[in-house]
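Q: Pasting a structure here, questions to come.
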Amino acid sequence: MEITTTSWILAFFASVILGISKAGLKGIAIIIVTLMALAFGARESTGLIVPLLLVGDVFAVIYYNRHAQWKYILRFLPWMISGLLIGVLIGKNLPEKAFKIGMSGIILASVLLMYWWDLRKSKSVPSHWAFGGFMGVMAGITTMIGNLAGAFSNIYFLAMRLPKNVFIGTAAWLFLIVNAIKLPFHIFVWKTISWETLVIDLKLIPGILLGLFIGVRLVKIIRESFYRKLILILTAIGAILILFR
């Protein structure tokens, strides 16, 4: 794979943002995916990102483990794995334009619904299995096809009214498990991970570490009340940016 200096700069910047995201500043995954696609191509970057995500996940689990709430993971994970398997089957032939428009529309509608709940000052959470099921399946499909499950998991965990650190710790374990499950599909089915891509990933790890360092400090200074609004805003912006990817 011929890699230009510009591609390395884009990839390093993407790895820094990935670290910031894994440290707790959720909702910016589309920036990572877009930069990596510009650096290495859309299909190639899909598999190349997964090992980098796992590096970030391991750190997040170590740092935020004490805050994880497994009841939410166990409620969401089976649906997400089901969606992931659907994504494996349909991912190669799914028209990208239809995927982008449909995904953006669902995310924006969900964000608006969350915003409406917040305006009502309601403390209730969605209790019907269909809400978690739909969000989980969508998260699974989008994580396999475009590494973009964060938007749906963000909405689900925010809907559950999880505090900042619980949100981050619970999401950390969820994505460590899911990204580990994705790995063999990328290696053996889609063949988007090879020794060559792993060597590239190895060179980008310093960027992730820098992003994690920055992200942890940013999360600490963000007030609990503002964190929820910030994640909703970043998720909505990400949904719009998907259309221009």
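In the structure tokens, chains take letters A, B, ... by order of appearance, with residues numbered from 1 within each chain and ligands from 1 in the order shown.
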Which residues, written as an NGL selection string, have at least one atom at most 10 Å from Gly146 in chain A, with only C-alpha atoms counted and residues fewer than 2 positions away on the same chain left out?

A: :A and (29-30 or 33-34 or 42-43 or 45-47 or 49 or 87 or 91 or 99-100 or 141-144 or 148-149)

Q: Name all residues at most 10 Å from Phe185 in chain A (count only C-alpha atoms; drop same-chain ones fewer than 6 positions away) and give them as a PyMOL selection string.

A: chain A and resi 47+84-85+88+144+191-193

Q: Output as JSON lines one row per residue of range 91-200 of chain A within 7 Å of range 67-81 of chain A: the closest atom pair and its distance in Å to one decimal place, counting only C-alpha atoms, sorted by chain and residue number ascending.

A:
```
{"residue": "A:Gly132", "atom": "CA", "partner": "A:Phe76", "partner_atom": "CA", "distance": 6.3}
{"residue": "A:Gly133", "atom": "CA", "partner": "A:Trp79", "partner_atom": "CA", "distance": 5.5}
{"residue": "A:Gly136", "atom": "CA", "partner": "A:Met80", "partner_atom": "CA", "distance": 4.3}
{"residue": "A:Val137", "atom": "CA", "partner": "A:Met80", "partner_atom": "CA", "distance": 4.9}
{"residue": "A:Ala139", "atom": "CA", "partner": "A:Met80", "partner_atom": "CA", "distance": 5.8}
{"residue": "A:Gly140", "atom": "CA", "partner": "A:Met80", "partner_atom": "CA", "distance": 4.2}
{"residue": "A:Asn165", "atom": "CA", "partner": "A:His67", "partner_atom": "CA", "distance": 6.0}
{"residue": "A:Val166", "atom": "CA", "partner": "A:His67", "partner_atom": "CA", "distance": 4.7}
{"residue": "A:Gly169", "atom": "CA", "partner": "A:Ala68", "partner_atom": "CA", "distance": 4.4}
{"residue": "A:Thr170", "atom": "CA", "partner": "A:Ala68", "partner_atom": "CA", "distance": 4.1}
{"residue": "A:Leu174", "atom": "CA", "partner": "A:Ile73", "partner_atom": "CA", "distance": 6.0}
```

Q: Using only C-alpha atoms, please write the residues we just selected to a file, as a CSV table (one decimal), in the first residue's frame.

A:
```
chain,number,residue,atom,x,y,z
A,132,GLY,CA,-33.4,-1.0,23.2
A,133,GLY,CA,-33.9,-3.7,20.5
A,136,GLY,CA,-29.1,-2.2,19.5
A,137,VAL,CA,-29.8,-3.7,16.1
A,139,ALA,CA,-25.8,0.0,16.4
A,140,GLY,CA,-24.8,-3.5,15.3
A,165,ASN,CA,-18.7,8.3,34.2
A,166,VAL,CA,-21.2,5.5,34.2
A,169,GLY,CA,-17.5,3.0,31.6
A,170,THR,CA,-20.5,1.1,30.4
A,174,LEU,CA,-19.7,-2.7,25.4
```

Q: Enumerate, as a PyMOL selection string, the complete set of residues in range 21-199 of chain A that a backbone-based DSSP assignment places in helix (DSSP H, G or I).

A: chain A and resi 21-22+29-40+42-67+70-90+96-119+129-146+150-159+164-189+195-199

Q: Would you list the contacts of Pro163 in chain A as a PyMOL selection string, taking every protein, DNA or RNA residue within 10 Å and counting only C-alpha atoms, but skipping same-chain residues closer than 2 positions in sequence?

A: chain A and resi 67+157-158+160-161+165-168+224-225+227-228

Q: How would the residues just picked look written out with C-alpha atoms as an mmCIF file, in the first residue's frame?

A:
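Okay, part_9.cif is ready:
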```cif
data_model
loop_
_atom_site.group_PDB
_atom_site.id
_atom_site.type_symbol
_atom_site.label_atom_id
_atom_site.label_comp_id
_atom_site.auth_asym_id
_atom_site.auth_seq_id
_atom_site.Cartn_x
_atom_site.Cartn_y
_atom_site.Cartn_z
ATOM 1 C CA HIS A 67 -18.122 2.881 36.712
ATOM 2 C CA PHE A 157 -27.373 5.327 27.276
ATOM 3 C CA LEU A 158 -28.496 8.958 27.432
ATOM 4 C CA MET A 160 -31.254 5.564 30.381
ATOM 5 C CA ARG A 161 -30.137 8.759 32.194
ATOM 6 C CA ASN A 165 -18.660 8.340 34.243
ATOM 7 C CA VAL A 166 -21.197 5.496 34.232
ATOM 8 C CA PHE A 167 -22.002 6.328 30.598
ATOM 9 C CA ILE A 168 -18.307 6.192 29.631
ATOM 10 C CA GLU A 224 -22.101 16.671 34.479
ATOM 11 C CA SER A 225 -25.065 18.800 33.324
ATOM 12 C CA TYR A 227 -21.883 16.570 29.265
ATOM 13 C CA ARG A 228 -25.329 15.275 28.283
#
```

Q: Go through A:Ile187, A:Leu204, A:Ile3, A:Ile222 one by one, measure the shortest atom-to-atom distance of each to Ile17 in chain A using only C-alpha atoms, and give the residue with the smallest value.

A: A:Leu204

Q: Need to verify the contact set: Ile200 in chain A, 10 Å, only C-alpha atoms, exclusion of same-chain residues closer than 3 positions in sequence. Can you return it as a PyMOL selection string?

A: chain A and resi 1+3+8+11+48+52+195-197+203-205

Q: Can I get the selection written as a JSON list (two decimals), in the first residue's frame, with C-alpha atoms?

A:
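Okay, out_35.json is ready:
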```
[["chain", "number", "residue", "atom", "x", "y", "z"],
["A", 1, "MET", "CA", 0.00, 0.00, 0.00],
["A", 3, "ILE", "CA", 1.04, 5.84, 1.66],
["A", 8, "TRP", "CA", -0.09, 9.75, 7.37],
["A", 11, "ALA", "CA", -4.40, 9.11, 9.84],
["A", 48, "LEU", "CA", -7.85, -0.77, 9.50],
["A", 52, "LEU", "CA", -7.14, 0.96, 16.71],
["A", 195, "TRP", "CA", -0.33, -7.89, 8.37],
["A", 196, "GLU", "CA", 0.16, -4.74, 6.30],
["A", 197, "THR", "CA", -2.77, -2.91, 7.91],
["A", 203, "LYS", "CA", 2.57, 3.23, 13.85],
["A", 204, "LEU", "CA", -0.62, 5.12, 14.77],
["A", 205, "ILE", "CA", -0.79, 3.99, 18.41]]
```

Q: I'd like the neighbourhood of range 19-25 of chain A as a list in words, where a residue qualifies if any of its atoms comes within 8 Å (using only C-alpha atoms), though same-chain residues fewer than 4 positions away should be ignored.

A: Ser15, Ala29, Gly56, Asp57, Ala60, Ile168, Ala172, Gly207, Ile208, Leu209, Leu210, Gly211, Leu212, Phe213, Ile214, Gly215, Val216, Leu218, Val219 and Ile231 of chain A

Q: Atoms to include: N, CA and C atoms. Write the selected residues as a short mmCIF file (atom, residue, chain, number, x, y, z; two decimals), in the first residue's frame.

A:
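Saved as out.cif:
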```
data_model
loop_
_atom_site.label_atom_id
_atom_site.label_comp_id
_atom_site.auth_asym_id
_atom_site.auth_seq_id
_atom_site.Cartn_x
_atom_site.Cartn_y
_atom_site.Cartn_z
N SER A 15 -6.28 9.24 14.59
CA SER A 15 -5.97 8.42 15.76
C SER A 15 -6.01 9.24 17.05
N ALA A 29 -17.18 10.02 16.19
CA ALA A 29 -16.67 8.89 15.41
C ALA A 29 -16.65 9.17 13.91
N GLY A 56 -7.98 1.65 22.00
CA GLY A 56 -8.69 2.65 22.79
C GLY A 56 -9.65 2.04 23.79
N ASP A 57 -10.33 0.96 23.37
CA ASP A 57 -11.29 0.29 24.25
C ASP A 57 -10.61 -0.29 25.49
N ALA A 60 -9.89 2.48 27.90
CA ALA A 60 -11.13 2.98 28.49
C ALA A 60 -11.66 2.03 29.55
N ILE A 168 -19.59 6.49 30.28
CA ILE A 168 -18.31 6.19 29.63
C ILE A 168 -17.85 4.77 29.96
N ALA A 172 -17.55 1.69 27.35
CA ALA A 172 -16.20 1.14 27.13
C ALA A 172 -16.24 -0.38 27.05
N GLY A 207 -0.57 8.25 18.42
CA GLY A 207 -1.65 9.23 18.26
C GLY A 207 -2.81 8.93 19.19
N ILE A 208 -3.15 7.65 19.33
CA ILE A 208 -4.23 7.25 20.24
C ILE A 208 -3.88 7.61 21.68
N LEU A 209 -2.64 7.33 22.08
CA LEU A 209 -2.20 7.63 23.44
C LEU A 209 -2.27 9.12 23.73
N LEU A 210 -1.86 9.93 22.74
CA LEU A 210 -1.95 11.39 22.89
C LEU A 210 -3.41 11.81 23.05
N GLY A 211 -4.29 11.24 22.23
CA GLY A 211 -5.72 11.57 22.31
C GLY A 211 -6.34 11.15 23.64
N LEU A 212 -5.94 9.99 24.14
CA LEU A 212 -6.45 9.53 25.44
C LEU A 212 -6.02 10.49 26.55
N PHE A 213 -4.79 10.96 26.50
CA PHE A 213 -4.26 11.90 27.50
C PHE A 213 -5.08 13.19 27.47
N ILE A 214 -5.32 13.71 26.26
CA ILE A 214 -6.11 14.95 26.12
C ILE A 214 -7.56 14.71 26.55
N GLY A 215 -8.13 13.59 26.11
CA GLY A 215 -9.54 13.30 26.37
C GLY A 215 -9.87 13.16 27.84
N VAL A 216 -9.03 12.47 28.57
CA VAL A 216 -9.27 12.29 30.01
C VAL A 216 -9.34 13.65 30.72
N LEU A 218 -10.07 16.58 29.31
CA LEU A 218 -11.26 17.30 28.86
C LEU A 218 -12.51 16.83 29.60
N VAL A 219 -12.65 15.50 29.71
CA VAL A 219 -13.83 14.94 30.38
C VAL A 219 -13.90 15.39 31.83
N ILE A 231 -22.93 15.64 24.27
CA ILE A 231 -23.01 14.38 23.53
C ILE A 231 -24.15 14.43 22.51
#
```

Q: Using only C-alpha atoms, which of the listed residues (A:Ile107, A:Ile86, A:Ile62, A:Val50) sits closest to Leu198 in chain A?

A: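 Between A:Ile107, A:Ile86, A:Ile62, A:Val50, the residue approaching Leu198 in chain A most closely is A:Val50.
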
Q: Determine the nearest neighbour of Ser7 in chain A from the options A:Phe226, A:Phe175, A:Phe40, A:Trp129, counting only C-alpha atoms.

A: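 So, comparing all the options, the nearest one is A:Phe40.
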
Q: Out of A:Pro51, A:Lys97, A:Glu44, A:Leu232, which residue has the shortest atom-to-atom distance to Trp190 in chain A when counting only C-alpha atoms?

A: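 For Trp190 in chain A, the nearest of the given residues is A:Glu44.
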